[in-house]
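For reference, work-v1.tsv is printed below; it contains TSV, C-alpha atoms.
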chain	number	residue	atom	x	y	z
A	954	GLN	CA	139.04	56.73	133.65
A	955	VAL	CA	136.04	56.43	131.39
A	956	HIS	CA	134.85	52.86	130.93
A	957	LEU	CA	131.96	50.98	129.41
A	958	VAL	CA	131.55	47.27	130.11
A	959	GLU	CA	128.93	45.19	128.31
A	960	SER	CA	127.51	41.93	129.58
A	961	GLY	CA	124.71	39.50	128.87
A	962	GLY	CA	125.76	38.05	125.55
A	963	GLY	CA	125.48	34.39	124.78
A	964	VAL	CA	124.01	31.74	122.52
A	965	VAL	CA	120.25	31.80	122.05
A	966	GLN	CA	117.77	30.08	119.78
A	967	PRO	CA	115.85	31.98	117.12
A	968	GLY	CA	112.68	33.52	118.49
A	969	ARG	CA	114.00	33.75	122.04
A	970	SER	CA	114.99	36.82	124.04
A	971	LEU	CA	118.20	38.18	125.52
A	972	ARG	CA	119.00	41.24	127.60
A	973	LEU	CA	122.30	43.04	127.28
A	974	SER	CA	123.62	45.47	129.85
A	975	CYS	CA	126.30	48.12	129.78
A	976	THR	CA	127.80	49.55	132.95
A	977	ALA	CA	129.48	52.92	132.79
A	978	SER	CA	132.11	54.48	135.04
A	979	GLY	CA	134.34	57.51	135.11
A	980	PHE	CA	131.87	60.10	133.84
A	981	THR	CA	128.49	61.64	134.64
A	982	PHE	CA	126.39	58.94	133.03
A	983	SER	CA	123.11	60.79	133.42
A	984	SER	CA	124.31	63.58	131.14
A	985	TYR	CA	124.93	61.46	128.06
A	986	GLU	CA	122.89	59.81	125.37
A	987	MET	CA	123.91	56.17	125.05
A	988	HIS	CA	123.97	54.06	121.90
A	989	TRP	CA	124.15	50.41	120.93
A	990	VAL	CA	126.05	49.47	117.79
A	991	ARG	CA	126.55	45.95	116.48
A	992	GLN	CA	128.95	44.20	114.16
A	993	ALA	CA	128.13	40.87	112.58
A	994	PRO	CA	131.05	38.47	112.04
A	995	ALA	CA	133.42	39.87	109.40
A	996	LYS	CA	130.92	42.62	108.60
A	997	GLY	CA	130.66	46.33	109.13
A	998	LEU	CA	129.24	48.43	111.93
A	999	GLU	CA	125.48	48.78	112.21
A	1000	TRP	CA	123.85	51.37	114.43
A	1001	VAL	CA	121.10	49.80	116.56
A	1002	ALA	CA	119.57	52.20	119.04
A	1003	VAL	CA	119.98	55.30	121.17
A	1004	THR	CA	118.44	56.45	124.44
A	1005	SER	CA	118.29	60.04	125.58
A	1006	TYR	CA	120.17	61.09	128.69
A	1007	ASP	CA	117.03	60.77	130.82
A	1008	GLY	CA	115.62	57.67	129.15
A	1009	ASN	CA	112.52	59.47	127.94
A	1010	ASN	CA	113.32	59.12	124.26
A	1011	ALA	CA	114.65	56.23	122.23
A	1012	TYR	CA	115.19	55.56	118.56
A	1013	PHE	CA	115.89	52.36	116.71
A	1014	ALA	CA	117.21	51.06	113.42
A	1015	ASP	CA	114.47	49.70	111.17
A	1016	SER	CA	116.06	46.24	111.40
A	1017	VAL	CA	115.29	45.99	115.13
A	1018	LYS	CA	112.29	48.29	115.55
A	1019	GLY	CA	109.47	46.54	117.33
A	1020	ARG	CA	111.74	43.75	118.59
A	1021	PHE	CA	114.36	45.60	120.65
A	1022	THR	CA	113.88	48.10	123.45
A	1023	ILE	CA	116.45	50.23	125.22
A	1024	SER	CA	116.35	51.46	128.79
A	1025	ARG	CA	118.64	53.03	131.33
A	1026	ASP	CA	119.01	53.32	135.09
A	1027	ASN	CA	120.90	56.48	135.87
A	1028	SER	CA	121.10	55.52	139.56
A	1029	LYS	CA	123.11	52.45	138.57
A	1030	ASN	CA	124.93	53.89	135.56
A	1031	THR	CA	123.58	51.19	133.31
A	1032	VAL	CA	121.94	51.02	129.90
A	1033	SER	CA	120.22	47.88	128.70
A	1034	LEU	CA	119.13	46.46	125.38
A	1035	GLN	CA	116.22	44.04	125.54
A	1036	MET	CA	116.22	41.89	122.44
A	1037	ASN	CA	113.09	39.89	121.65
A	1038	SER	CA	112.16	37.64	118.73
A	1039	LEU	CA	115.80	37.16	117.92
A	1040	ARG	CA	116.77	36.13	114.41
A	1041	THR	CA	119.92	34.53	113.07
A	1042	ASP	CA	120.89	37.83	111.45
A	1043	ASP	CA	121.02	39.44	114.90
A	1044	THR	CA	124.22	37.47	115.50
A	1045	ALA	CA	126.90	40.06	116.20
A	1046	VAL	CA	129.18	41.71	118.68
A	1047	TYR	CA	127.13	44.37	120.44
A	1048	TYR	CA	128.89	47.50	121.58
A	1049	CYS	CA	127.54	50.19	123.82
A	1050	ALA	CA	128.94	53.62	123.11
A	1051	ARG	CA	128.69	57.08	124.61
A	1052	ARG	CA	127.62	60.17	122.78
A	1053	ALA	CA	130.75	62.24	122.30
A	1054	THR	CA	131.49	64.97	124.77
A	1055	ILE	CA	132.30	67.35	121.94
A	1056	SER	CA	129.48	66.47	119.59
A	1057	TYR	CA	125.95	65.17	119.96
A	1058	HIS	CA	126.40	63.12	116.83
A	1059	GLY	CA	129.56	61.14	117.43
A	1060	LEU	CA	130.55	58.24	119.65
A	1061	ASP	CA	133.74	58.80	121.59
A	1062	VAL	CA	133.84	55.94	124.08
A	1063	TRP	CA	133.08	52.32	123.25
A	1064	GLY	CA	132.90	49.21	125.34
A	1065	GLN	CA	134.74	46.05	124.39
A	1066	GLY	CA	131.54	44.43	123.18
A	1067	THR	CA	129.52	41.37	124.08
A	1068	THR	CA	128.86	38.57	121.61
A	1069	VAL	CA	125.38	37.40	120.74
A	1070	SER	CA	124.96	34.24	118.70
A	1071	VAL	CA	121.49	33.29	117.49
A	1072	SER	CA	121.42	29.72	116.34
A	1073	SER	CA	119.23	26.65	116.54
B	729	GLN	CA	117.97	53.15	106.38
B	730	SER	CA	120.37	51.87	103.76
B	731	ALA	CA	124.03	51.87	104.70
B	732	LEU	CA	126.10	54.71	103.33
B	733	THR	CA	128.24	53.64	100.40
B	734	GLN	CA	132.00	53.44	100.81
B	735	PRO	CA	134.61	51.82	98.57
B	736	ALA	CA	135.49	48.35	99.80
B	737	SER	CA	139.20	49.06	99.75
B	738	VAL	CA	141.70	51.85	99.24
B	739	SER	CA	145.46	51.50	99.21
B	740	GLY	CA	148.48	53.74	99.13
B	741	SER	CA	152.20	53.79	99.73
B	742	PRO	CA	153.76	55.25	102.86
B	743	GLY	CA	153.82	59.02	102.69
B	744	GLN	CA	151.07	59.25	100.10
B	745	SER	CA	147.59	60.66	100.59
B	746	ILE	CA	144.41	58.67	100.16
B	747	THR	CA	140.75	59.66	100.23
B	748	ILE	CA	137.79	57.53	101.27
B	749	SER	CA	134.36	58.54	100.04
B	750	CYS	CA	131.07	58.07	101.84
B	751	THR	CA	127.93	58.56	99.77
B	752	GLY	CA	124.47	58.91	101.18
B	753	THR	CA	121.37	60.88	100.39
B	754	SER	CA	119.81	64.23	101.15
B	755	SER	CA	118.17	62.55	104.16
B	756	ASP	CA	121.46	61.85	105.83
B	757	VAL	CA	124.89	62.98	104.62
B	758	GLY	CA	123.55	65.74	102.40
B	759	GLY	CA	121.05	67.04	104.89
B	760	TYR	CA	123.20	67.51	107.96
B	761	ASN	CA	126.76	68.35	108.90
B	762	TYR	CA	126.75	65.42	111.28
B	763	VAL	CA	129.12	63.01	109.60
B	764	SER	CA	131.59	61.14	111.79
B	765	TRP	CA	134.44	58.81	110.92
B	766	TYR	CA	135.77	55.84	112.86
B	767	GLN	CA	138.93	53.76	112.57
B	768	GLN	CA	138.89	50.11	113.54
B	769	HIS	CA	141.96	47.93	113.68
B	770	PRO	CA	141.40	44.15	113.46
B	771	GLY	CA	139.96	42.80	116.68
B	772	LYS	CA	139.80	46.25	118.21
B	773	VAL	CA	137.09	48.68	119.20
B	774	PRO	CA	136.26	51.54	116.82
B	775	LYS	CA	138.06	54.82	117.43
B	776	PHE	CA	136.41	58.22	116.98
B	777	MET	CA	138.42	60.12	114.33
B	778	ILE	CA	136.30	62.94	112.88
B	779	TYR	CA	133.08	64.61	113.98
B	780	GLU	CA	130.69	67.03	112.29
B	781	VAL	CA	132.29	66.47	108.88
B	782	SER	CA	135.69	68.01	109.46
B	783	ASN	CA	136.57	68.31	113.13
B	784	ARG	CA	139.17	66.20	114.91
B	785	PRO	CA	138.73	65.11	118.52
B	786	PRO	CA	141.66	65.81	120.82
B	787	GLY	CA	144.52	63.42	120.26
B	788	VAL	CA	143.70	62.54	116.65
B	789	SER	CA	146.52	63.20	114.24
B	790	ASP	CA	146.14	66.19	111.91
B	791	ARG	CA	146.98	63.82	109.06
B	792	PHE	CA	143.29	62.93	109.16
B	793	SER	CA	140.87	65.42	107.65
B	794	GLY	CA	137.25	65.38	106.59
B	795	SER	CA	135.09	67.22	104.11
B	796	LYS	CA	131.71	67.06	102.44
B	797	SER	CA	130.18	68.02	99.13
B	798	GLY	CA	126.51	67.40	98.55
B	799	ASN	CA	125.59	63.86	99.52
B	800	THR	CA	129.20	62.66	99.70
B	801	ALA	CA	131.57	62.99	102.62
B	802	SER	CA	135.26	62.21	102.42
B	803	LEU	CA	138.06	61.26	104.76
B	804	THR	CA	141.60	62.06	103.66
B	805	ILE	CA	144.64	60.52	105.25
B	806	SER	CA	147.82	62.37	104.36
B	807	GLY	CA	151.36	61.14	104.94
B	808	LEU	CA	150.10	57.57	105.05
B	809	GLN	CA	151.75	55.43	107.73
B	810	ALA	CA	151.77	51.71	108.41
B	811	GLU	CA	149.67	52.24	111.54
B	812	ASP	CA	146.88	53.72	109.42
B	813	GLU	CA	146.14	50.29	107.98
B	814	ALA	CA	142.67	49.57	109.32
B	815	ASP	CA	138.99	49.63	108.47
B	816	TYR	CA	137.30	53.01	108.30
B	817	TYR	CA	133.60	53.73	108.71
B	818	CYS	CA	131.62	56.88	108.17
B	819	SER	CA	128.42	57.58	110.03
B	820	SER	CA	125.68	60.14	109.62
B	821	TYR	CA	122.69	61.41	111.51
B	822	THR	CA	119.48	60.95	109.52
B	823	SER	CA	116.15	62.68	109.09
B	824	SER	CA	114.52	59.79	110.96
B	825	THR	CA	116.38	60.81	114.14
B	826	THR	CA	118.55	57.74	113.75
B	827	TYR	CA	122.08	57.08	112.61
B	828	VAL	CA	123.54	55.06	109.78
B	829	PHE	CA	127.04	53.73	109.22
B	830	GLY	CA	128.85	53.31	105.96
B	831	THR	CA	129.72	49.95	104.45
B	832	GLY	CA	133.33	50.30	105.56
B	833	THR	CA	136.63	50.70	103.74
B	834	LYS	CA	139.73	48.63	104.25
B	835	VAL	CA	142.84	50.77	103.97
B	836	THR	CA	146.00	48.96	102.97
B	837	VAL	CA	149.44	50.51	103.22
B	838	LEU	CA	151.54	49.04	100.44

Taking this structure as input, can you express it in the form of structure tokens?
Amino acid sequence: QVHLVESGGGVVQPGRSLRLSCTASGFTFSSYEMHWVRQAPAKGLEWVAVTSYDGNNAYFADSVKGRFTISRDNSKNTVSLQMNSLRTDDTAVYYCARRATISYHGLDVWGQGTTVSVSS
Amino acid sequence: QSALTQPASVSGSPGQSITISCTGTSSDVGGYNYVSWYQQHPGKVPKFMIYEVSNRPPGVSDRFSGSKSGNTASLTISGLQAEDEADYYCSSYTSSTTYVFGTGTKVTVL
């Protein structure tokens, strides 16, 4: 069964860093682009970042560019989101999601999310 | 990277059809046939409903259909059912090699 499990969320002060991880199972992880999507409390979905299947390419939303990095370890079936210089508006549930099997531009499997709260 | 524009809410009676619009620009919705739609029930994870404008993934009801004209994509739900009450989000690939979601639409079944 295909699963994504996020971890690493928590409460952090503005300006500090946090690293989120997502562990995949049930599919050939190294064949799929992986995304991070976030959702602030009572707000809509916001796309954050994507890494290519081999980790050689990554793209970011303007709101996190220069502060967040994304990486993956295909030997461990994990994708990580390193979040630096955190701001209060980074407070959200962070989901990792898999590029759809049937389309390069959809997300067909989502984790349950991990909550990040940035507050002083 | 401005969010795509969706109506905040749409409602309909059981059995009716409703349409949710998703308006972007020529750099996203209008420039590519890479619009997806997601359904999210309260407290749940988003569900993949439509890909590449008008295609349904396996297991998604054929009551859900998608289309696009110019810079606006649309999701139509026909034969509205109580279980369709949820938030719906569109998403598009962009010319910046990124993605953008819509503002979200709350569907209410009257």

Could you give me, as JSON lines, every chain B residue with an atom at most 7 Å from chain A, plus its closest atom pair and distance in Å to one decimal, counting all atoms listed in the file, rows ordered by chain then number?
{"residue": "B:Gln729", "atom": "CA", "partner": "A:Asp1015", "partner_atom": "CA", "distance": 6.9}
{"residue": "B:Tyr762", "atom": "CA", "partner": "A:His1058", "partner_atom": "CA", "distance": 6.0}
{"residue": "B:Ser764", "atom": "CA", "partner": "A:Gly1059", "partner_atom": "CA", "distance": 6.0}
{"residue": "B:Val773", "atom": "CA", "partner": "A:Gln1065", "partner_atom": "CA", "distance": 6.3}
{"residue": "B:Phe776", "atom": "CA", "partner": "A:Asp1061", "partner_atom": "CA", "distance": 5.4}
{"residue": "B:Tyr779", "atom": "CA", "partner": "A:Gly1059", "partner_atom": "CA", "distance": 6.0}
{"residue": "B:Tyr821", "atom": "CA", "partner": "A:His1058", "partner_atom": "CA", "distance": 6.7}
{"residue": "B:Thr825", "atom": "CA", "partner": "A:Tyr1012", "partner_atom": "CA", "distance": 7.0}
{"residue": "B:Thr826", "atom": "CA", "partner": "A:Tyr1012", "partner_atom": "CA", "distance": 6.3}
{"residue": "B:Tyr827", "atom": "CA", "partner": "A:Trp1000", "partner_atom": "CA", "distance": 6.2}
{"residue": "B:Val828", "atom": "CA", "partner": "A:Trp1000", "partner_atom": "CA", "distance": 5.9}
{"residue": "B:Phe829", "atom": "CA", "partner": "A:Glu999", "partner_atom": "CA", "distance": 6.0}
{"residue": "B:Thr831", "atom": "CA", "partner": "A:Gly997", "partner_atom": "CA", "distance": 6.0}
{"residue": "B:Gly832", "atom": "CA", "partner": "A:Gly997", "partner_atom": "CA", "distance": 6.0}

When you draw a straight line from CA of Leu971 in chain A to CA of Gly1019 in chain A, how long is it in Å? 14.6 Å

Separating CA of Ser755 in chain B from CA of Gln734 in chain B, to the nearest tenth of an Å, is a gap of 16.9 Å

So how many Å separate CA of Ser741 in chain B and CA of Val788 in chain B, to one decimal?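 CA of Ser741 in chain B sits 20.9 Å away from CA of Val788 in chain B.
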
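Proximity ranking of B:Gly752, B:Asp815, B:Lys772, B:Val763 relative to Arg784 in chain B places B:Val763 first, based on all atoms listed in the file.
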
Near-Cys750 in chain B list (8 Å; all atoms listed in the file; drop same-chain fewer than 2 positions) as a PyMOL selection string: chain B and resi 732-735+748+752+800-802+818+830

Counting only C-alpha atoms, select every polymer residue within 7 Å of (129.2, 67.0, 104.7) as defined in the file's coordinates, and provide the selection as a list in words. Val757, Gly758, Tyr760, Asn761, Val763, Val781, Ser795, Lys796, Ser797, Gly798, Thr800 and Ala801 of chain B

Taking all atoms listed in the file into account, name the residue in B:Ser820, B:Thr753, B:Ser789, B:Asn799 that is nearest to Met777 in chain B. B:Ser789

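Comparing A:Asn1009, A:Thr1044, A:Asn1027, A:Ser1038 by their smallest distance to Ala993 in chain A, the closest is A:Thr1044 (using only C-alpha atoms).
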
Residue neighbourhood Ser970 in chain A, 8 Å, all atoms listed in the file, exclusion window fewer than 3 positions, as a ChimeraX atom specification: /A:965,1035-1039

Check the smallest atom-to-atom distance from each of A:Val1046, A:Val1069, A:Val964, A:Val1032 to Met987 in chain A using all atoms listed in the file, then report the winner.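 Closest to Met987 in chain A, using all atoms listed in the file: A:Val1032.
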